[in-house]
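Inspection log for the structure reproduced underneath, given as structure tokens.
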Amino acid sequence: MNDMTPAVSIRGVHKRYGAVHALNGVDLDIRRGEFFGLLGPNGAGKSTLINILAGLARPDAGSVAVLGHDVARDYRQARRVLGVVPQELVFDPFFSVREVLRLQAGYFGLGRENDAWIEELLQALMLADKADTNMRSLSGGMKRRVLVAQALVHRPPVVVLDEPTAGVDVELRQSLWQFIQRLHREGHTIVLTTHYLEEAEALCERIAILDHGAVIALDSKQGLLARGMDSVMFTVHTEAPIARLPAALENKVKQRRGNELVLQLHRRDDAIADVVDALRAHGAVITDLHTEKPDLEDVFLELTRKEQRP
Amino acid sequence: MNLRGFNTLLYKELLRFYKVGFQTLLAPMLTALLYLLVFGHVLEDHVQAFPGVRYTAFLIPGLMMMAVLQNAFANSSSSLIQSKITGNLIFILMTPLSHIEFFLAFVLAAVVRGVVVGAGVYLAALAVIPLPLHSLFVLLAFAVLGSATLATLGVIAGLWADKFDQLAGFQNFIIMPLTFLSGVFYSIHSLPLFWQTLSHFNPFFYMIDGFRYGFFGVSDVSPLRSFTVVLLSFALLSALTLELLRRGYKIRS
């Protein structure tokens with residue numbers, strides 16, 4: 001393994017569940033030290049890909065390696081360098097938080113010499129006062145933090161977080177991201193899947209969008225956002241809801257809610273003055289208007305919608 | 001080999017049943033003792049299974065072994081299905097433990113539980129009636145190998161079952177009848193010929209008969225034959241279980 005070895009290397013991976021082709025020839029390299037986003041709508045194949053990475057599922061074809069260690073042939077080493085925070089809130093009801101973390105470290109061959117790191121994790125994830133509490137007694141947010149601690153207990157250089165902030169309150173989410181960003185600064189490779197696209201936009205350096213089991217976009221965050229640069233979001237507030245839109249604007253409507261209308265316009269082809277005139281001509285009394293650049297969510301929706309078109 | 005990983009999984013499995021000791025250790029001991037009191041009292045003067053051996057004394061090794069076998073099965077099967085259903089099994093599956101280490105840890109923990117329950121029944125039974133001890137080695141050999149066989153069967157059942165109902169079916173329709181029809185309560189020589197012949201196809205019969213030999217030096221069949229049958233059963237079931245685990249049967253998609 002040298003410095004050029006990707007943190008994660010996925011080559012021609014196919015996976016079928018009965019008639020469902022969950023992964024349809026995925027090729028992807030995640031660089032070492034990267035904060036990488038893996039996005040996609042529900043059922044896109046993200047969790048299947050993560051399960052293959054973690055050894056919980058086996059590909060029908062293709063290969064996956066973590067830091068050069070094949071997850072099937074060299075599974076012991078591949079699992080030692082990987083930590084996965086699962087999406088489901090799963091826990092062992094027999095044990096306390098500290099017991100769970102010590103056991104998890106033990107599976108990786110680590111003993112009491114790892115206790116200092118466990119204490120650090122408990123502190124960083126604000127679990128110190130719950131360390132001797134049974135897992136059953138923890139709130140959902142705390143259980144989620146224990147999942148993060150379990151994934152990190154053996155200090156893996158590659159960390160996969162599968163929807164880590166689902167159902168987590170804002171304060172906890174912030175503290176969780178600060179901790180993950182710290183890990184990233186310390187050199188860990190972070191792979192994130194999330195439904196909160198603003199999180200991906202704020203954190204990830206490079207993003208892959210998966211849809212129908214295939215990578216439909218793989219680019220830097222700036223690169224992906226640039227794909228939406230031809231568009232501009234034009235928001236208009238009117239005194240009363242617009243009863244009838246000009247025909248030329250009907251197919252540009254992004255969102256219509258009460259007195260607010262959002263149009264996705266083409267930066268060069270659609271003149272804002274013409275749009276305002278057209279709306280006024282149809283009786284709209286405009287009280288406010290503004291424009292915005294498209295965000296990652298707009299690009300994501302645009303790309304995944306294209307995939308759905310026949 | 002990931003020795004520390006294996007030790008940790010073994011420790012975790014031991015800790016799991018120790019934490020609910022009332023349910024996993026004391027309750028089965030009490031059940032076995034109730035059988036002893038009721039059957040011993042009712043049948044003491046009516047049945048003599050081995051010449052010169054009182055029925056209550058004959059019954060104790062059978063009940064001990066029944067407790068050993070049932071608890072070994074219960075431990076590995078319930079631990080596995082609970083982890084599967086709650087989903088926390090993934091925390092073991094994502095570690096560098098091999099399928100062999102996984103198998104050995106689950107089986108060894110179940111053997112310990114079975115043997116501890118059996119020892120508890122033995123100590124309590126000594127208060128009721130003194131027992132001879134012909135060979136401690138034979139007794140331990142059958143207890144360990146018998147519980148290991150049932151622990152292995154428990155792993156298979158735990159892998160196969162998708163819900164507790166299926167596991168209960170496995171326990172009630174396979175384990176329980178095979179245990180009850182294995183000579184716990186009687187010597188197979190007291191059975192009609194057809195049932196005697198049928199008993200020889202039940203591996204549980206050999207486990208209990210060999211174990212009883214350890215106490216009395218008397219058995220329905222030769223202890224060497226019993227040991228061979230139990231060893232073969234364990235070897236076959238272990239080979240099957242290891243293959244299922246290697247393939248990730250119902251635990252890795």
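Numbering starts fresh at 1 for the residues of each chain in the structure tokens, the chains themselves are lettered A, B, ... in the order given, and ligands are numbered from 1 as they appear.
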Dump as a Markdown table the rows for residues of chain A within 10 Å of chain B: closest atom pair and distance in Å with one decimal, only C-alpha atoms counted, ordered by chain and rising residue number.
```
| residue | atom | partner | partner_atom | distance |
| --- | --- | --- | --- | --- |
| A:Lys15 | CA | B:Ser253 | CA | 9.8 |
| A:Tyr17 | CA | B:Ser253 | CA | 8.7 |
| A:Thr48 | CA | B:Ser253 | CA | 9.4 |
| A:Asn51 | CA | B:Ser253 | CA | 8.8 |
| A:Ile52 | CA | B:Ser253 | CA | 9.0 |
| A:Leu53 | CA | B:Met94 | CA | 9.5 |
| A:Ala54 | CA | B:Met94 | CA | 5.8 |
| A:Gly55 | CA | B:Met94 | CA | 6.2 |
| A:Leu56 | CA | B:Arg252 | CA | 4.9 |
| A:Ala57 | CA | B:Ser253 | CA | 4.5 |
| A:Arg58 | CA | B:Ser253 | CA | 6.4 |
| A:Pro59 | CA | B:Ser253 | CA | 9.0 |
| A:Asp74 | CA | B:Pro96 | CA | 9.7 |
| A:Tyr75 | CA | B:Pro96 | CA | 6.8 |
| A:Arg76 | CA | B:Pro96 | CA | 4.2 |
| A:Gln77 | CA | B:Pro96 | CA | 7.1 |
| A:Ala78 | CA | B:Pro96 | CA | 8.2 |
| A:Arg79 | CA | B:Pro96 | CA | 5.8 |
| A:Arg80 | CA | B:Pro96 | CA | 6.5 |
| A:Leu82 | CA | B:Met94 | CA | 8.9 |
| A:Gly83 | CA | B:Met94 | CA | 8.5 |
| A:Val84 | CA | B:Met94 | CA | 8.2 |
| A:Val85 | CA | B:Phe91 | CA | 9.9 |
| A:Pro86 | CA | B:Ile90 | CA | 8.9 |
| A:Glu88 | CA | B:Gly87 | CA | 8.1 |
| A:Leu89 | CA | B:Gly87 | CA | 8.6 |
| A:Val90 | CA | B:Asn88 | CA | 5.4 |
| A:Phe91 | CA | B:Asn88 | CA | 5.3 |
| A:Asp92 | CA | B:Asn88 | CA | 5.9 |
| A:Pro93 | CA | B:Thr86 | CA | 8.9 |
| A:Phe94 | CA | B:Arg16 | CA | 6.4 |
| A:Phe95 | CA | B:Arg16 | CA | 8.1 |
| A:Glu99 | CA | B:Lys12 | CA | 9.2 |
| A:Val100 | CA | B:Lys12 | CA | 9.3 |
| A:Arg102 | CA | B:Thr8 | CA | 8.9 |
| A:Leu103 | CA | B:Thr8 | CA | 6.2 |
| A:Gln104 | CA | B:Phe91 | CA | 7.3 |
| A:Ala105 | CA | B:Gly5 | CA | 8.4 |
| A:Gly106 | CA | B:Gly5 | CA | 5.3 |
| A:Tyr107 | CA | B:Gly5 | CA | 3.8 |
| A:Phe108 | CA | B:Gly5 | CA | 5.7 |
| A:Gly109 | CA | B:Arg4 | CA | 4.9 |
| A:Leu110 | CA | B:Arg4 | CA | 7.3 |
| A:Gly111 | CA | B:Arg4 | CA | 7.9 |
| A:Leu147 | CA | B:Phe91 | CA | 9.6 |
| A:Gln150 | CA | B:Phe91 | CA | 8.3 |
| A:Ala151 | CA | B:Phe91 | CA | 8.8 |
| A:His154 | CA | B:Thr95 | CA | 10.0 |
```
Print the selection's residues with N, CA and C atoms to a file, as a compact mmCIF listing (two decimals), in the first residue's frame.
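Full text of out22.txt as output:
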```txt
# COMPACT_ATOMS: atom_id res chain seq x y z
N LYS A 15 -24.78 -6.09 -7.83
CA LYS A 15 -25.48 -6.83 -6.78
C LYS A 15 -26.96 -6.89 -7.12
N TYR A 17 -30.79 -8.43 -5.89
CA TYR A 17 -31.65 -9.08 -4.90
C TYR A 17 -32.88 -9.53 -5.67
N THR A 48 -26.57 -0.65 0.09
CA THR A 48 -26.03 -1.91 -0.44
C THR A 48 -24.53 -1.78 -0.64
N ASN A 51 -22.88 -1.78 2.70
CA ASN A 51 -22.90 -3.14 3.26
C ASN A 51 -21.80 -4.01 2.63
N ILE A 52 -21.58 -3.85 1.34
CA ILE A 52 -20.51 -4.62 0.67
C ILE A 52 -19.15 -4.19 1.22
N LEU A 53 -19.00 -2.90 1.39
CA LEU A 53 -17.75 -2.34 1.95
C LEU A 53 -17.49 -2.92 3.34
N ALA A 54 -18.55 -3.04 4.13
CA ALA A 54 -18.42 -3.50 5.52
C ALA A 54 -18.36 -5.01 5.65
N GLY A 55 -18.59 -5.73 4.55
CA GLY A 55 -18.59 -7.19 4.60
C GLY A 55 -19.93 -7.77 5.02
N LEU A 56 -20.97 -6.94 5.06
CA LEU A 56 -22.29 -7.45 5.44
C LEU A 56 -23.04 -8.00 4.23
N ALA A 57 -22.56 -7.65 3.05
CA ALA A 57 -23.14 -8.20 1.82
C ALA A 57 -21.99 -8.53 0.87
N ARG A 58 -22.27 -9.45 -0.05
CA ARG A 58 -21.21 -9.85 -0.99
C ARG A 58 -21.65 -9.49 -2.40
N PRO A 59 -20.73 -8.90 -3.17
CA PRO A 59 -21.12 -8.52 -4.53
C PRO A 59 -21.27 -9.76 -5.41
N ASP A 74 -8.97 -10.29 1.83
CA ASP A 74 -8.15 -9.80 2.94
C ASP A 74 -9.07 -9.10 3.94
N TYR A 75 -10.14 -9.85 4.31
CA TYR A 75 -11.21 -9.19 5.07
C TYR A 75 -10.77 -8.72 6.45
N ARG A 76 -9.84 -9.45 7.07
CA ARG A 76 -9.43 -9.04 8.42
C ARG A 76 -8.81 -7.64 8.38
N GLN A 77 -7.88 -7.43 7.44
CA GLN A 77 -7.20 -6.15 7.37
C GLN A 77 -8.14 -5.05 6.87
N ALA A 78 -9.00 -5.43 5.91
CA ALA A 78 -9.95 -4.43 5.37
C ALA A 78 -10.86 -3.93 6.49
N ARG A 79 -11.30 -4.83 7.37
CA ARG A 79 -12.22 -4.41 8.44
C ARG A 79 -11.49 -3.64 9.54
N ARG A 80 -10.19 -3.91 9.69
CA ARG A 80 -9.42 -3.17 10.72
C ARG A 80 -9.27 -1.69 10.34
N LEU A 82 -11.46 0.05 8.61
CA LEU A 82 -12.76 0.64 8.27
C LEU A 82 -13.67 0.71 9.49
N GLY A 83 -14.33 1.82 9.66
CA GLY A 83 -15.35 1.94 10.70
C GLY A 83 -16.65 2.39 10.05
N VAL A 84 -17.73 1.70 10.34
CA VAL A 84 -19.01 2.02 9.70
C VAL A 84 -20.05 2.38 10.76
N VAL A 85 -20.66 3.52 10.59
CA VAL A 85 -21.80 3.90 11.44
C VAL A 85 -23.06 3.51 10.67
N PRO A 86 -23.77 2.48 11.15
CA PRO A 86 -24.93 2.02 10.37
C PRO A 86 -26.10 3.00 10.45
N GLU A 88 -29.36 2.08 10.70
CA GLU A 88 -30.36 1.64 11.68
C GLU A 88 -29.85 1.88 13.10
N LEU A 89 -30.78 2.23 13.98
CA LEU A 89 -30.42 2.48 15.37
C LEU A 89 -30.40 1.16 16.13
N VAL A 90 -29.32 0.39 15.95
CA VAL A 90 -29.26 -0.94 16.57
C VAL A 90 -28.34 -0.92 17.79
N PHE A 91 -28.69 -1.74 18.78
CA PHE A 91 -27.89 -1.76 20.01
C PHE A 91 -28.09 -3.09 20.71
N ASP A 92 -27.15 -3.40 21.61
CA ASP A 92 -27.24 -4.64 22.38
C ASP A 92 -27.80 -4.30 23.76
N PRO A 93 -29.00 -4.79 24.08
CA PRO A 93 -29.66 -4.36 25.32
C PRO A 93 -29.05 -4.94 26.59
N PHE A 94 -28.05 -5.80 26.46
CA PHE A 94 -27.50 -6.45 27.65
C PHE A 94 -26.40 -5.62 28.33
N PHE A 95 -25.88 -4.63 27.61
CA PHE A 95 -24.65 -4.00 28.09
C PHE A 95 -24.75 -2.49 28.27
N GLU A 99 -19.24 -0.93 28.38
CA GLU A 99 -19.06 -2.36 28.05
C GLU A 99 -19.12 -2.58 26.54
N VAL A 100 -20.09 -1.93 25.91
CA VAL A 100 -20.25 -2.07 24.45
C VAL A 100 -18.97 -1.63 23.74
N ARG A 102 -15.86 -1.36 25.00
CA ARG A 102 -14.72 -2.25 25.29
C ARG A 102 -14.85 -3.55 24.51
N LEU A 103 -16.06 -4.09 24.44
CA LEU A 103 -16.25 -5.34 23.68
C LEU A 103 -15.91 -5.10 22.21
N GLN A 104 -16.42 -3.97 21.68
CA GLN A 104 -16.18 -3.70 20.26
C GLN A 104 -14.68 -3.57 19.98
N ALA A 105 -13.97 -2.91 20.89
CA ALA A 105 -12.52 -2.77 20.71
C ALA A 105 -11.85 -4.15 20.78
N GLY A 106 -12.35 -4.98 21.69
CA GLY A 106 -11.79 -6.32 21.87
C GLY A 106 -11.89 -7.16 20.61
N TYR A 107 -13.03 -7.04 19.90
CA TYR A 107 -13.18 -7.82 18.65
C TYR A 107 -12.05 -7.49 17.66
N PHE A 108 -11.56 -6.25 17.77
CA PHE A 108 -10.48 -5.82 16.87
C PHE A 108 -9.10 -6.09 17.46
N GLY A 109 -9.09 -6.85 18.56
CA GLY A 109 -7.81 -7.23 19.15
C GLY A 109 -7.24 -6.20 20.10
N LEU A 110 -8.06 -5.22 20.50
CA LEU A 110 -7.56 -4.17 21.39
C LEU A 110 -8.04 -4.41 22.82
N GLY A 111 -7.15 -4.19 23.77
CA GLY A 111 -7.49 -4.41 25.17
C GLY A 111 -7.53 -3.12 25.96
N LEU A 147 -23.34 4.61 18.43
CA LEU A 147 -23.02 3.97 17.14
C LEU A 147 -21.77 4.59 16.53
N GLN A 150 -18.81 3.39 18.50
CA GLN A 150 -18.50 1.98 18.16
C GLN A 150 -17.72 1.90 16.85
N ALA A 151 -18.12 2.72 15.90
CA ALA A 151 -17.43 2.69 14.59
C ALA A 151 -16.00 3.19 14.69
N HIS A 154 -11.83 1.45 17.17
CA HIS A 154 -10.55 0.83 16.80
C HIS A 154 -9.71 1.78 15.95
```
Tell me, as a PyMOL selection string, which residues lie within 7 Å of Val155 of chain B, counting only C-alpha atoms; anything in the same chain fewer than 6 positions away does not count.
chain B and resi 76-77+80
Please, which residues of segment 6-242 of chain A, numbered as in this document, come out strand (DSSP E) from DSSP, as a count of residues only?
69
To test your reading of the structure, identify every residue in segment 58-182 of chain A that backbone DSSP assigns to helix (DSSP H, G or I), and report it as a PyMOL selection string.
chain A and resi 75-80+97-107+112-124+128-130+135-137+140-152+170-182
Two-atom distance - atom CA of Leu25 of chain B, atom CA of Leu104 of chain B (Å):
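So the answer is 21.1 Å.
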